[in-house]
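Student: File my_file.cif follows (mmCIF, C-alpha atoms and all ligand atoms):
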data_structure
loop_
_atom_site.label_atom_id
_atom_site.label_comp_id
_atom_site.auth_asym_id
_atom_site.auth_seq_id
_atom_site.Cartn_x
_atom_site.Cartn_y
_atom_site.Cartn_z
CA MET A 15 2.42 -24.56 6.72
CA LYS A 16 -0.16 -22.47 4.87
CA VAL A 17 -0.97 -18.80 5.47
CA GLY A 18 -4.42 -17.74 4.27
CA THR A 19 -6.21 -14.41 3.98
CA PRO A 20 -10.01 -14.22 3.68
CA LYS A 21 -12.01 -11.37 2.18
CA GLU A 22 -12.96 -8.88 4.91
CA VAL A 23 -16.65 -9.30 5.74
CA ALA A 24 -17.24 -5.70 6.92
CA SER A 25 -18.65 -3.74 3.98
CA ALA A 26 -16.74 -0.64 5.14
CA GLU A 27 -13.39 -2.44 4.94
CA ALA A 28 -11.44 -2.28 1.70
CA ARG A 29 -8.05 -3.37 3.06
CA VAL A 30 -6.56 -6.84 2.71
CA ALA A 31 -3.98 -8.47 4.99
CA MET A 32 -1.88 -10.14 2.27
CA THR A 33 -0.56 -8.45 -0.86
CA PRO A 34 1.22 -10.14 -3.77
CA ASP A 35 4.46 -8.62 -2.49
CA SER A 36 4.00 -9.78 1.12
CA ALA A 37 3.10 -13.24 -0.21
CA ARG A 38 6.44 -13.42 -2.03
CA HIS A 39 8.21 -12.74 1.29
CA LEU A 40 6.06 -15.29 3.11
CA GLN A 41 6.99 -17.91 0.53
CA LYS A 42 10.67 -17.17 1.19
CA LEU A 43 9.90 -17.96 4.85
CA GLY A 44 8.73 -21.37 3.67
CA TYR A 45 4.95 -20.76 3.71
CA GLU A 46 2.42 -21.66 1.07
CA CYS A 47 0.04 -18.71 0.56
CA LEU A 48 -3.72 -18.84 -0.01
CA ILE A 49 -6.17 -16.02 -0.63
CA GLU A 50 -9.95 -15.98 -0.93
CA ALA A 51 -11.08 -15.03 -4.45
CA GLY A 52 -11.64 -11.27 -4.71
CA ALA A 53 -10.13 -10.48 -1.28
CA GLY A 54 -7.69 -7.89 -2.68
CA LEU A 55 -9.90 -6.33 -5.34
CA ARG A 56 -10.98 -3.23 -3.40
CA ALA A 57 -7.36 -2.55 -2.48
CA GLY A 58 -6.29 -2.77 -6.12
CA PHE A 59 -4.93 -6.34 -6.12
CA ALA A 60 -6.71 -8.63 -8.61
CA ASP A 61 -6.69 -12.41 -8.22
CA THR A 62 -4.48 -12.75 -11.30
CA VAL A 63 -1.75 -10.66 -9.63
CA TYR A 64 -1.82 -13.00 -6.63
CA LEU A 65 -1.63 -15.99 -8.98
CA ASP A 66 1.43 -14.44 -10.64
CA ALA A 67 3.00 -14.10 -7.18
CA GLY A 68 2.55 -17.83 -6.54
CA VAL A 69 -0.55 -17.48 -4.32
CA ARG A 70 -3.32 -20.07 -4.59
CA VAL A 71 -6.76 -18.45 -4.98
CA VAL A 72 -9.44 -20.31 -2.98
CA ASP A 73 -13.12 -19.97 -3.89
CA THR A 74 -14.70 -19.54 -0.44
CA ALA A 75 -13.77 -18.36 3.04
CA SER A 76 -14.84 -21.72 4.49
CA ALA A 77 -12.45 -23.59 2.21
CA LEU A 78 -9.68 -21.18 3.22
CA TYR A 79 -10.37 -21.52 6.96
CA ALA A 80 -10.39 -25.31 6.64
CA GLU A 81 -7.01 -25.43 4.93
CA ALA A 82 -4.89 -22.59 6.35
CA ASP A 83 -2.69 -23.02 9.43
CA VAL A 84 -2.35 -19.26 9.89
CA ILE A 85 -5.17 -16.81 9.13
CA ALA A 86 -4.07 -13.22 8.51
CA LYS A 87 -6.81 -10.60 8.40
CA VAL A 88 -7.47 -6.92 9.07
CA ARG A 89 -10.60 -6.40 11.19
CA PRO A 90 -11.40 -8.46 14.29
CA PRO A 91 -13.29 -11.53 13.01
CA GLU A 92 -17.00 -12.05 13.56
CA LEU A 93 -17.73 -14.85 16.07
CA SER A 94 -18.99 -16.98 13.17
CA GLU A 95 -15.64 -16.54 11.43
CA VAL A 96 -13.76 -17.61 14.57
CA ASP A 97 -15.84 -20.78 14.72
CA GLU A 98 -14.59 -21.72 11.27
CA ILE A 99 -10.94 -21.69 12.39
CA PRO A 100 -9.89 -25.17 13.54
CA SER A 101 -8.46 -25.54 17.05
CA GLY A 102 -4.69 -25.16 17.30
CA LYS A 103 -4.46 -22.77 14.32
CA THR A 104 -3.12 -19.22 14.51
CA LEU A 105 -5.06 -16.00 13.88
CA ILE A 106 -3.19 -12.73 13.25
CA SER A 107 -5.42 -9.64 13.10
CA PHE A 108 -6.43 -6.40 14.76
CA LEU A 109 -8.39 -7.69 17.77
CA TYR A 110 -8.67 -4.85 20.38
CA PRO A 111 -9.01 -7.44 23.19
CA ALA A 112 -9.97 -4.92 25.90
CA GLN A 113 -13.02 -3.82 23.92
CA ASN A 114 -13.87 -7.24 22.41
CA THR A 115 -14.19 -9.53 25.40
CA ALA A 116 -16.78 -11.86 23.78
CA LEU A 117 -14.41 -12.36 20.85
CA LEU A 118 -11.51 -13.02 23.18
CA ASP A 119 -13.52 -15.63 25.09
CA ARG A 120 -14.49 -17.30 21.83
CA VAL A 121 -10.99 -17.53 20.33
CA ALA A 122 -9.69 -19.03 23.58
CA ALA A 123 -12.65 -21.44 23.89
CA ASP A 124 -12.12 -22.54 20.27
CA GLY A 125 -8.42 -23.17 20.96
CA VAL A 126 -7.26 -20.59 18.42
CA ASN A 127 -3.87 -19.00 19.11
CA ALA A 128 -4.54 -15.30 18.54
CA ILE A 129 -2.06 -12.52 17.90
CA ALA A 130 -3.45 -8.97 18.13
CA MET A 131 -1.62 -6.56 15.85
CA ASP A 132 -2.91 -3.72 18.04
CA MET A 133 -1.08 -5.21 21.04
CA VAL A 134 2.42 -5.25 19.53
CA PRO A 135 4.60 -3.57 22.19
CA ARG A 136 5.75 -0.10 21.09
CA ILE A 137 9.47 -0.83 21.40
CA SER A 138 12.20 -0.23 18.79
CA ARG A 139 12.62 -3.90 17.87
CA ALA A 140 8.91 -4.17 17.09
CA GLN A 141 8.55 -1.00 15.00
CA LYS A 142 8.44 -3.01 11.79
CA MET A 143 5.30 -4.76 13.13
CA ASP A 144 3.67 -1.62 14.59
CA ALA A 145 0.46 -1.63 12.61
CA LEU A 146 -1.20 1.02 14.83
CA SER A 147 1.53 3.46 13.81
CA SER A 148 1.46 2.55 10.14
CA MET A 149 -2.32 3.03 10.05
CA ALA A 150 -2.21 6.25 12.15
CA ASN A 151 0.35 7.68 9.72
CA ILE A 152 -2.11 7.09 6.87
CA ALA A 153 -5.01 8.51 8.89
CA GLY A 154 -3.09 11.73 9.60
CA TYR A 155 -2.17 12.19 5.94
CA ARG A 156 -5.66 11.38 4.71
CA ALA A 157 -7.27 13.70 7.29
CA VAL A 158 -5.53 16.66 5.64
CA ILE A 159 -6.40 15.47 2.13
CA GLU A 160 -10.03 15.02 3.22
CA ALA A 161 -10.00 18.51 4.75
CA GLY A 162 -8.62 19.89 1.47
CA GLY A 163 -11.43 18.20 -0.47
CA ASN A 164 -13.97 20.01 1.71
CA PHE A 165 -12.19 23.36 1.88
CA GLY A 166 -12.97 25.90 -0.80
CA ARG A 167 -9.52 27.49 -0.93
CA PHE A 168 -5.82 26.80 -1.51
CA PHE A 169 -3.59 25.65 1.31
CA THR A 170 -0.71 27.74 0.08
CA GLY A 171 -0.74 31.53 -0.20
CA GLN A 172 -0.46 32.90 -3.73
CA ILE A 173 -0.05 36.23 -5.42
CA THR A 174 -1.78 36.00 -8.79
CA ALA A 175 -2.89 38.44 -11.47
CA ALA A 176 -6.42 37.82 -10.22
CA GLY A 177 -5.60 38.73 -6.65
CA LYS A 178 -3.72 37.81 -3.50
CA VAL A 179 -4.68 34.59 -1.75
CA PRO A 180 -3.82 34.12 1.93
CA PRO A 181 -2.42 30.75 3.07
CA ALA A 182 -4.73 28.42 5.00
CA ARG A 183 -4.14 28.23 8.74
CA VAL A 184 -4.22 24.70 10.10
CA LEU A 185 -4.30 23.67 13.77
CA VAL A 186 -3.45 20.10 14.76
CA ILE A 187 -4.38 19.02 18.29
CA GLY A 188 -2.49 15.93 19.48
CA ALA A 189 0.93 15.32 17.97
CA GLY A 190 1.23 11.53 18.13
CA VAL A 191 1.79 9.49 15.00
CA ALA A 192 -1.40 10.69 13.25
CA GLY A 193 -0.91 14.32 14.33
CA LEU A 194 2.69 14.49 13.12
CA ALA A 195 1.67 12.99 9.77
CA ALA A 196 -1.08 15.62 9.51
CA ILE A 197 1.40 18.40 10.31
CA GLY A 198 3.85 17.13 7.67
CA THR A 199 1.11 16.93 5.05
CA ALA A 200 -0.39 20.37 5.83
CA THR A 201 2.99 22.13 5.80
CA SER A 202 4.03 20.39 2.59
CA LEU A 203 0.86 21.73 0.95
CA GLY A 204 1.91 25.22 2.01
CA ALA A 205 -0.41 25.86 4.95
CA ILE A 206 0.68 27.78 8.03
CA THR A 207 0.40 25.06 10.65
CA TYR A 208 0.11 25.22 14.42
CA ALA A 209 0.07 22.24 16.74
CA PHE A 210 -0.69 21.57 20.37
CA ASP A 211 -0.02 18.59 22.59
CA VAL A 212 -0.10 18.12 26.35
CA ARG A 213 3.32 16.43 26.17
CA PRO A 214 5.86 19.25 26.01
CA GLU A 215 8.58 16.90 24.73
CA VAL A 216 6.88 16.79 21.32
CA ALA A 217 7.47 20.54 20.75
CA GLU A 218 10.74 19.76 18.98
CA GLN A 219 9.11 17.15 16.72
CA ILE A 220 6.29 19.58 15.88
CA GLU A 221 8.78 22.28 14.97
CA SER A 222 10.93 19.87 12.94
CA MET A 223 7.84 19.10 10.81
CA GLY A 224 7.47 22.82 10.05
CA ALA A 225 4.66 23.75 12.46
CA GLU A 226 4.58 26.20 15.34
CA PHE A 227 4.07 24.70 18.81
CA VAL A 228 1.22 26.38 20.68
CA PHE A 229 2.53 27.09 24.18
CA LEU A 230 0.22 27.73 27.11
CA ASP A 231 0.90 30.32 29.75
CA PHE A 232 1.12 27.77 32.56
CA GLU A 233 3.50 26.85 35.39
CA GLU A 234 6.03 24.51 33.81
CA THR A 235 5.81 21.90 36.55
CA GLN A 236 2.08 21.58 35.91
CA GLN A 237 2.33 21.67 32.13
CA ASP A 238 3.78 18.22 31.77
CA GLY A 239 0.97 16.00 30.51
CA ALA A 240 3.23 13.05 29.75
CA ALA A 241 2.61 9.60 31.23
CA SER A 242 4.73 6.54 30.39
CA GLY A 243 5.39 4.95 26.98
CA GLY A 244 4.96 8.15 24.97
CA TYR A 245 1.29 8.49 25.96
CA ALA A 246 -0.46 11.40 27.66
CA ALA A 247 -1.90 11.54 31.18
CA PRO A 248 -5.28 13.19 31.84
CA SER A 249 -5.00 16.96 32.25
CA SER A 250 -5.75 18.76 35.53
CA PRO A 251 -8.90 20.98 35.53
CA GLU A 252 -6.69 24.12 35.68
CA PHE A 253 -4.63 22.98 32.71
CA ARG A 254 -7.75 22.09 30.76
CA GLU A 255 -9.20 25.57 31.36
CA LYS A 256 -6.02 27.19 30.05
CA GLN A 257 -6.06 24.89 27.05
CA LEU A 258 -9.71 25.68 26.23
CA ALA A 259 -9.08 29.43 26.62
CA LYS A 260 -6.23 29.13 24.09
CA PHE A 261 -8.38 27.19 21.64
CA ARG A 262 -11.16 29.80 22.02
CA GLU A 263 -8.63 32.47 21.06
CA LEU A 264 -7.44 30.46 18.00
CA ALA A 265 -10.88 29.32 16.75
CA PRO A 266 -11.77 32.46 14.69
CA GLN A 267 -8.29 32.52 13.12
CA ILE A 268 -7.91 29.00 11.81
CA ASP A 269 -9.36 27.46 8.64
CA ILE A 270 -8.75 23.77 9.23
CA LEU A 271 -8.64 21.83 12.49
CA ILE A 272 -7.36 18.25 12.74
CA THR A 273 -7.88 16.65 16.15
CA THR A 274 -6.17 13.41 17.21
CA ALA A 275 -6.03 13.74 21.01
CA LEU A 276 -6.32 10.48 22.83
CA ILE A 277 -5.36 8.90 26.12
CA PRO A 278 -5.26 5.09 25.89
CA GLY A 279 -8.19 3.31 27.52
CA ARG A 280 -10.36 6.45 27.84
CA ASP A 281 -12.99 8.24 25.83
CA ALA A 282 -11.55 11.04 23.70
CA PRO A 283 -11.29 14.30 25.70
CA LYS A 284 -13.72 17.00 24.54
CA LEU A 285 -11.40 19.83 23.52
CA TRP A 286 -13.25 21.71 20.77
CA LEU A 287 -16.55 22.79 22.26
CA ALA A 288 -19.70 23.96 20.44
CA ASP A 289 -18.96 27.65 21.09
CA MET A 290 -15.53 27.26 19.43
CA VAL A 291 -17.18 25.80 16.31
CA SER A 292 -19.61 28.76 16.33
CA SER A 293 -16.75 31.25 16.33
CA MET A 294 -14.99 29.62 13.35
CA LYS A 295 -15.33 31.17 9.89
CA PRO A 296 -17.94 29.66 7.52
CA GLY A 297 -16.24 27.20 5.17
CA SER A 298 -13.75 26.06 7.82
CA VAL A 299 -13.22 22.32 8.15
CA ILE A 300 -12.75 20.08 11.18
CA VAL A 301 -11.50 16.51 10.80
CA ASP A 302 -11.89 14.63 14.07
CA LEU A 303 -9.65 11.55 14.06
CA ALA A 304 -10.79 10.65 17.57
CA ALA A 305 -14.39 10.15 16.34
CA GLU A 306 -14.35 6.42 17.08
CA ARG A 307 -13.81 7.16 20.77
CA GLY A 308 -16.50 9.85 20.93
CA GLY A 309 -14.56 12.63 19.21
CA ASN A 310 -12.56 15.64 20.42
CA CYS A 311 -15.18 18.02 19.04
CA ASP A 312 -18.64 18.41 20.61
CA LEU A 313 -20.36 18.33 17.22
CA THR A 314 -18.62 15.28 15.71
CA VAL A 315 -20.87 12.46 14.58
CA PRO A 316 -18.89 9.21 14.06
CA ASP A 317 -18.75 8.10 10.42
CA GLN A 318 -20.57 11.23 9.24
CA ARG A 319 -19.84 14.54 7.56
CA VAL A 320 -22.01 17.21 9.16
CA VAL A 321 -22.24 20.97 8.62
CA SER A 322 -22.78 23.28 11.59
CA ASP A 323 -25.32 26.12 11.57
CA ASN A 324 -22.54 28.59 10.77
CA GLY A 325 -21.21 26.54 7.84
CA VAL A 326 -18.30 24.63 9.40
CA VAL A 327 -17.81 21.13 7.93
CA ILE A 328 -17.13 18.47 10.60
CA ILE A 329 -15.84 15.10 9.42
CA GLY A 330 -15.96 12.11 11.77
CA TYR A 331 -14.99 9.25 9.46
CA THR A 332 -13.43 6.34 11.31
CA ASP A 333 -12.09 4.47 8.29
CA PHE A 334 -9.36 6.69 6.87
CA PRO A 335 -6.83 3.85 6.35
CA SER A 336 -9.49 1.89 4.42
CA ARG A 337 -10.05 4.98 2.25
CA MET A 338 -6.44 4.52 1.11
CA ALA A 339 -6.76 0.77 0.88
CA ASN A 340 -3.87 0.11 -1.48
CA GLN A 341 -1.32 2.00 0.64
CA ALA A 342 -2.78 0.77 3.92
CA SER A 343 -2.83 -2.88 2.76
CA THR A 344 0.75 -2.64 1.56
CA LEU A 345 1.96 -1.36 4.94
CA TYR A 346 -0.28 -3.63 7.04
CA ALA A 347 0.67 -6.75 5.05
CA THR A 348 4.32 -5.80 5.59
CA ASN A 349 3.70 -5.50 9.36
CA ILE A 350 2.09 -8.97 9.28
CA ARG A 351 4.90 -10.63 7.34
CA HIS A 352 7.45 -9.16 9.76
CA MET A 353 5.43 -10.69 12.62
CA LEU A 354 5.47 -14.02 10.77
CA SER A 355 9.18 -13.67 10.20
CA ASP A 356 9.73 -13.44 13.98
CA LEU A 357 7.39 -16.42 14.44
CA THR A 358 9.42 -18.48 11.94
CA PRO A 359 13.01 -18.43 13.26
CA SER A 360 14.24 -21.27 11.02
CA LYS A 361 12.54 -19.91 7.86
CA ASP A 362 11.11 -23.38 7.32
CA GLY A 363 7.42 -22.46 7.07
CA LYS A 364 6.78 -23.63 10.65
CA ILE A 365 5.48 -21.39 13.43
CA VAL A 366 7.38 -21.35 16.72
CA HIS A 367 5.11 -19.47 19.12
CA ASP A 368 7.80 -18.45 21.63
CA MET A 369 5.98 -17.06 24.67
CA ASP A 370 9.37 -16.01 26.15
CA ASP A 371 9.80 -13.48 23.35
CA ASP A 372 8.57 -10.07 24.65
CA VAL A 373 7.03 -9.00 21.35
CA ILE A 374 5.27 -12.29 20.61
CA ARG A 375 4.13 -12.62 24.22
CA GLY A 376 2.87 -9.02 24.33
CA ALA A 377 0.77 -9.45 21.19
CA THR A 378 -0.59 -12.94 22.00
CA VAL A 379 -4.04 -12.67 23.53
CA SER A 380 -5.02 -16.35 23.42
CA PHE A 381 -2.74 -19.39 23.50
CA ALA A 382 -3.36 -23.13 23.93
CA GLY A 383 -6.98 -22.53 24.95
CA GLU A 384 -6.16 -19.87 27.57
CA ILE A 385 -6.74 -16.11 27.48
CA THR A 386 -3.28 -14.52 27.73
CA PHE A 387 -4.45 -10.89 27.84
CA PRO A 388 -3.39 -8.59 29.37
CA PRO A 389 0.27 -9.58 29.09
CA PRO A 390 2.51 -9.44 32.17
CA PRO A 391 4.47 -6.18 32.60
CA PRO A 392 7.72 -6.11 30.56
CA LYS A 393 10.72 -7.71 32.26
CA ILE A 394 13.31 -5.34 33.71
CA LYS A 395 16.62 -6.26 32.08
P1 LIG B 1 -1.13 8.66 19.84
O1 LIG B 1 -1.50 8.09 21.17
O2 LIG B 1 0.20 8.42 19.26
O3 LIG B 1 -1.41 10.24 19.83
C1 LIG B 1 -2.39 10.88 20.59
C2 LIG B 1 -1.79 12.22 20.98
O4 LIG B 1 -2.78 13.00 21.65
C3 LIG B 1 -0.61 12.07 21.96
O5 LIG B 1 0.50 12.76 21.45
C4 LIG B 1 -1.15 12.71 23.25
O6 LIG B 1 -0.12 13.32 24.01
C5 LIG B 1 -2.13 13.70 22.68
N1 LIG B 1 -3.13 14.16 23.67
C6 LIG B 1 -3.79 13.44 24.61
N2 LIG B 1 -4.61 14.25 25.32
C7 LIG B 1 -4.47 15.49 24.81
C8 LIG B 1 -5.05 16.75 25.10
N3 LIG B 1 -5.95 16.89 26.08
N4 LIG B 1 -4.67 17.82 24.37
C9 LIG B 1 -3.77 17.70 23.39
N5 LIG B 1 -3.16 16.54 23.05
C10 LIG B 1 -3.52 15.45 23.76
O7 LIG B 1 -2.24 8.16 18.83
P2 LIG B 1 -2.14 8.13 17.23
O8 LIG B 1 -1.64 6.78 16.85
O9 LIG B 1 -1.47 9.34 16.69
O10 LIG B 1 -3.68 8.18 16.87
C11 LIG B 1 -4.36 9.41 17.08
C12 LIG B 1 -5.85 9.22 16.92
O11 LIG B 1 -6.19 8.86 15.60
C13 LIG B 1 -6.43 8.14 17.82
O12 LIG B 1 -7.64 8.64 18.33
C14 LIG B 1 -6.66 6.99 16.87
O13 LIG B 1 -7.69 6.12 17.32
C15 LIG B 1 -7.10 7.77 15.68
N6 LIG B 1 -7.10 7.06 14.38
C16 LIG B 1 -8.19 7.30 13.61
C17 LIG B 1 -8.29 6.72 12.39
C18 LIG B 1 -9.50 7.03 11.54
O14 LIG B 1 -9.64 6.43 10.47
N7 LIG B 1 -10.34 7.95 11.92
C19 LIG B 1 -7.28 5.83 11.96
C20 LIG B 1 -6.15 5.61 12.76
C21 LIG B 1 -6.06 6.26 13.99
#
What's the structure tokens form of this structure?
Ligand code: NAD

Tutor:
Amino acid sequence: MKVGTPKEVASAEARVAMTPDSARHLQKLGYECLIEAGAGLRAGFADTVYLDAGVRVVDTASALYAEADVIAKVRPPELSEVDEIPSGKTLISFLYPAQNTALLDRVAADGVNAIAMDMVPRISRAQKMDALSSMANIAGYRAVIEAGGNFGRFFTGQITAAGKVPPARVLVIGAGVAGLAAIGTATSLGAITYAFDVRPEVAEQIESMGAEFVFLDFEETQQDGAASGGYAAPSSPEFREKQLAKFRELAPQIDILITTALIPGRDAPKLWLADMVSSMKPGSVIVDLAAERGGNCDLTVPDQRVVSDNGVVIIGYTDFPSRMANQASTLYATNIRHMLSDLTPSKDGKIVHDMDDDVIRGATVSFAGEITFPPPPPKIK
């Protein structure tokens, strides 16, 4: 069978779903690899490097769609792209089926078997395919780098002949994958880092990354904001008030704020209100990683960098992984080839779409002309 990767059509997308290295692994699984001309350029992979890795470069997306048995891409396809995929073929991509119902209807109606990389169950066996985590890790790192590029001072404290420089104080709200990566990056640059999360069990992880966990003065039984699967539950109004009071106290003291707080299936909770921005020092920087879901900060504008009246820079970019396209493509393409490895048990270049396999079933949103999303709850073993 042939695995093909088209150029991403979204102008804001620089990532590519197949790299020369992932193609070498796919060939060992028995696949022939195709790529649309120029698909890897913005991620730093020229056509010649694919050719050297044994990949066939195809002139147009249409030619690629006509020939490939498996299409691997990054962003959910446009409906017009879906229509180019012949019935019975397999699409592997980010799809966000809950938000993209028209797309889901179309892939099923067109008979395309679709695997959503954002639906890979978050279990140990599937970690190597967990593209949400690999991209969130990059987003957390890049958020701190972006903050540094907009901050007029050092992260680390210094005593120099020209004077004493205090270290930057960084607060990270939400210590999931992106938040922990942000903490690790900020502490490694020498900042004094604080972090808050509604799930008390992450305190240890926060501290192991070198940050200080921000505790609230709250009854312990009510402090637990954990739901199942490592995700948070919505906070009670009393808890939220305590949390906001704490943030109000911290706002004038911190230089950089990275927010990543999210509860699956909901809009991002508003945690950094306009009055908190007003009480921050001029030159402070906020990077709101939850911008795509409305943002954790009142003043965030998705995909924009704005400056508040008192000189606080607020960054709401939603494409941080694409801003590190080489790294992000390398990790994403590795997630994809691991998925294909599980789909190719005999390593003979032939897909076996085993709907009894928890990981494959969980990620499959359309199969044999039927919508298969949401998946059934995991079996109790
Ligand atoms: P995650 O679910 O692992 O982490 C979210 C964290 O927020 C959890 O630890 C949760 O407990 C915490 N949280 C929820 N409500 C909270 C509250 N009220 N106060 C404090 N903490 C709270 O998610 P993740 O994979 O780390 O991703 C984090 C965010 O980054 C998401 O919004 C994701 O969409 C976003 N993201 C953005 C980009 C970008 O380019 N901007 C890229 C990747 C991910």

Student: Quick one: distance from atom O1 of ligand LIG 1 (chain B) to CA of Ala246 (chain A) in Å, one decimal?

Tutor: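 For atom O1 of ligand LIG 1 (chain B) relative to CA of Ala246 (chain A), the distance reads 7.4 Å.
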
Student: Using all atoms listed in the file, determine which residues fall within 6 Å of ligand LIG 1 (chain B), then list them as JSON, numbers by chain.

Tutor: {"A": [147, 149, 150, 153, 187, 188, 189, 190, 191, 192, 193, 210, 211, 212, 213, 245, 246, 274, 275, 276, 277, 283, 303, 304, 331, 332, 333, 334, 335]}

Student: Write the selection just made, keeping C-alpha atoms, as a short mmCIF file (atom, residue, chain, number, x, y, z; two decimals), in the frame of the given file?

Tutor:
data_model
loop_
_atom_site.label_atom_id
_atom_site.label_comp_id
_atom_site.auth_asym_id
_atom_site.auth_seq_id
_atom_site.Cartn_x
_atom_site.Cartn_y
_atom_site.Cartn_z
CA SER A 147 1.53 3.46 13.81
CA MET A 149 -2.32 3.03 10.05
CA ALA A 150 -2.21 6.25 12.15
CA ALA A 153 -5.01 8.51 8.89
CA ILE A 187 -4.38 19.02 18.29
CA GLY A 188 -2.49 15.93 19.48
CA ALA A 189 0.93 15.32 17.97
CA GLY A 190 1.23 11.53 18.13
CA VAL A 191 1.79 9.49 15.00
CA ALA A 192 -1.40 10.69 13.25
CA GLY A 193 -0.91 14.32 14.33
CA PHE A 210 -0.69 21.57 20.37
CA ASP A 211 -0.02 18.59 22.59
CA VAL A 212 -0.10 18.12 26.35
CA ARG A 213 3.32 16.43 26.17
CA TYR A 245 1.29 8.49 25.96
CA ALA A 246 -0.46 11.40 27.66
CA THR A 274 -6.17 13.41 17.21
CA ALA A 275 -6.03 13.74 21.01
CA LEU A 276 -6.32 10.48 22.83
CA ILE A 277 -5.36 8.90 26.12
CA PRO A 283 -11.29 14.30 25.70
CA LEU A 303 -9.65 11.55 14.06
CA ALA A 304 -10.79 10.65 17.57
CA TYR A 331 -14.99 9.25 9.46
CA THR A 332 -13.43 6.34 11.31
CA ASP A 333 -12.09 4.47 8.29
CA PHE A 334 -9.36 6.69 6.87
CA PRO A 335 -6.83 3.85 6.35
#

Student: Record the distance separating CA of Ala130 (chain A) and CA of Asp61 (chain A), expressed in Å with one decimal.

Tutor: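 Atom-to-atom, CA of Ala130 (chain A) to CA of Asp61 (chain A), that is 26.8 Å.
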
Student: Might you pull out every residue within 12 Å of Asp66 (chain A), with all atoms listed in the file counted and same-chain residues fewer than 3 positions away left off, and present them as JSON, numbers by chain?

Tutor: {"A": [33, 34, 35, 37, 38, 59, 60, 61, 62, 63, 69, 70, 71]}

Student: Go through A:Val184, A:Ala67, A:Gly154, A:Leu118 one by one, measure the shortest atom-to-atom distance of each to Lys42 (chain A) using only C-alpha atoms, and give the residue with the smallest value.

Tutor: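 Checking each candidate against Lys42 (chain A), we get A:Ala67 as the closest.
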
Student: Nearest to Ser107 (chain A): which of A:Pro91, A:Gly52, A:Gly177, A:Pro390 is it, counting all atoms listed in the file?

Tutor: A:Pro91

Student: Which protein, DNA or RNA residues have an atom at most 12 Å from (-11.7, 37.1, 19.4), counting all atoms listed in the file? List them as a list in words.

Tutor: Ala259, Lys260, Phe261, Arg262, Glu263, Leu264, Ala265, Pro266, Gln267, Ile268, Met290, Ser292, Ser293, Met294 and Lys295 of chain A

Student: Counting only C-alpha atoms, find the residues whose atoms lie at most 10 Å from (-12.4, 11.8, 12.3) (file coordinates) and write them out as number ranges by chain.

Tutor: A: 153-154, 157, 160, 272-274, 300-311, 314-319, 328-334

Student: CA of Met143 (chain A) to CA of Ile374 (chain A): how many Å, to one decimal?

Tutor: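 Taking CA of Met143 (chain A) and CA of Ile374 (chain A), their separation equals 10.6 Å.
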
Student: When you count all atoms listed in the file, which of these residues is closest to Leu65 (chain A): A:Ile129, A:Glu50, A:Ala288, A:Glu92?

Tutor: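 That would be A:Glu50, the residue with the smallest distance to Leu65 (chain A).
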
Student: If you count all atoms listed in the file, which residues fall within 12 Å of Ala77 (chain A), apart from same-chain ones fewer than 5 positions away, as a PyMOL selection string?

Tutor: chain A and resi 18-20+48-51+70-72+82+98-100

Student: Which residue is closest to Met353 (chain A)? Choose from A:Gly68, A:Gly58, A:Pro135, A:Pro90 and count all atoms listed in the file.

Tutor: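 Nearest to Met353 (chain A): A:Pro135.
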
Student: Would you place a box with edges along x, y and z of the file around all atoms of region 174-179 of chain A listed there, add 5 Å to each of its six sides, and report the centre and edge lengths in Å to one decimal, as AutoDock Vina command-line options?

Tutor:
--center_x -4.1 --center_y 36.7 --center_z -6.6 --size_x 14.6 --size_y 14.1 --size_z 19.7

Student: Counting all atoms listed in the file, figure out which residue out of A:Leu271, A:Met15, A:Val88, A:Ala175 gets nearest to Ser343 (chain A).

Tutor: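 Of A:Leu271, A:Met15, A:Val88, A:Ala175, the one nearest Ser343 (chain A) is A:Val88, counting all atoms listed in the file.
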
Student: Skip Pro111 (chain A) itself and residues of its chain fewer than 4 positions away, then list as a short mmCIF file (atom, residue, chain, number, x, y, z; two decimals) with C-alpha atoms, keeping the file's coordinate frame all residues within 10 Å of it, counting all atoms listed in the file.

Tutor:
data_model
loop_
_atom_site.label_atom_id
_atom_site.label_comp_id
_atom_site.auth_asym_id
_atom_site.auth_seq_id
_atom_site.Cartn_x
_atom_site.Cartn_y
_atom_site.Cartn_z
CA PRO A 90 -11.40 -8.46 14.29
CA THR A 115 -14.19 -9.53 25.40
CA ALA A 116 -16.78 -11.86 23.78
CA LEU A 117 -14.41 -12.36 20.85
CA LEU A 118 -11.51 -13.02 23.18
CA ASP A 119 -13.52 -15.63 25.09
CA ALA A 130 -3.45 -8.97 18.13
CA ASP A 132 -2.91 -3.72 18.04
CA MET A 133 -1.08 -5.21 21.04
CA VAL A 379 -4.04 -12.67 23.53
CA SER A 380 -5.02 -16.35 23.42
CA ILE A 385 -6.74 -16.11 27.48
CA PHE A 387 -4.45 -10.89 27.84
CA PRO A 388 -3.39 -8.59 29.37
#

Student: Of the candidates A:Ala342, A:Ile137, A:Val320, A:Ala347, which one gets nearest to Arg56 (chain A) if we count all atoms listed in the file?

Tutor: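 Closest to Arg56 (chain A) of all the choices is A:Ala342.
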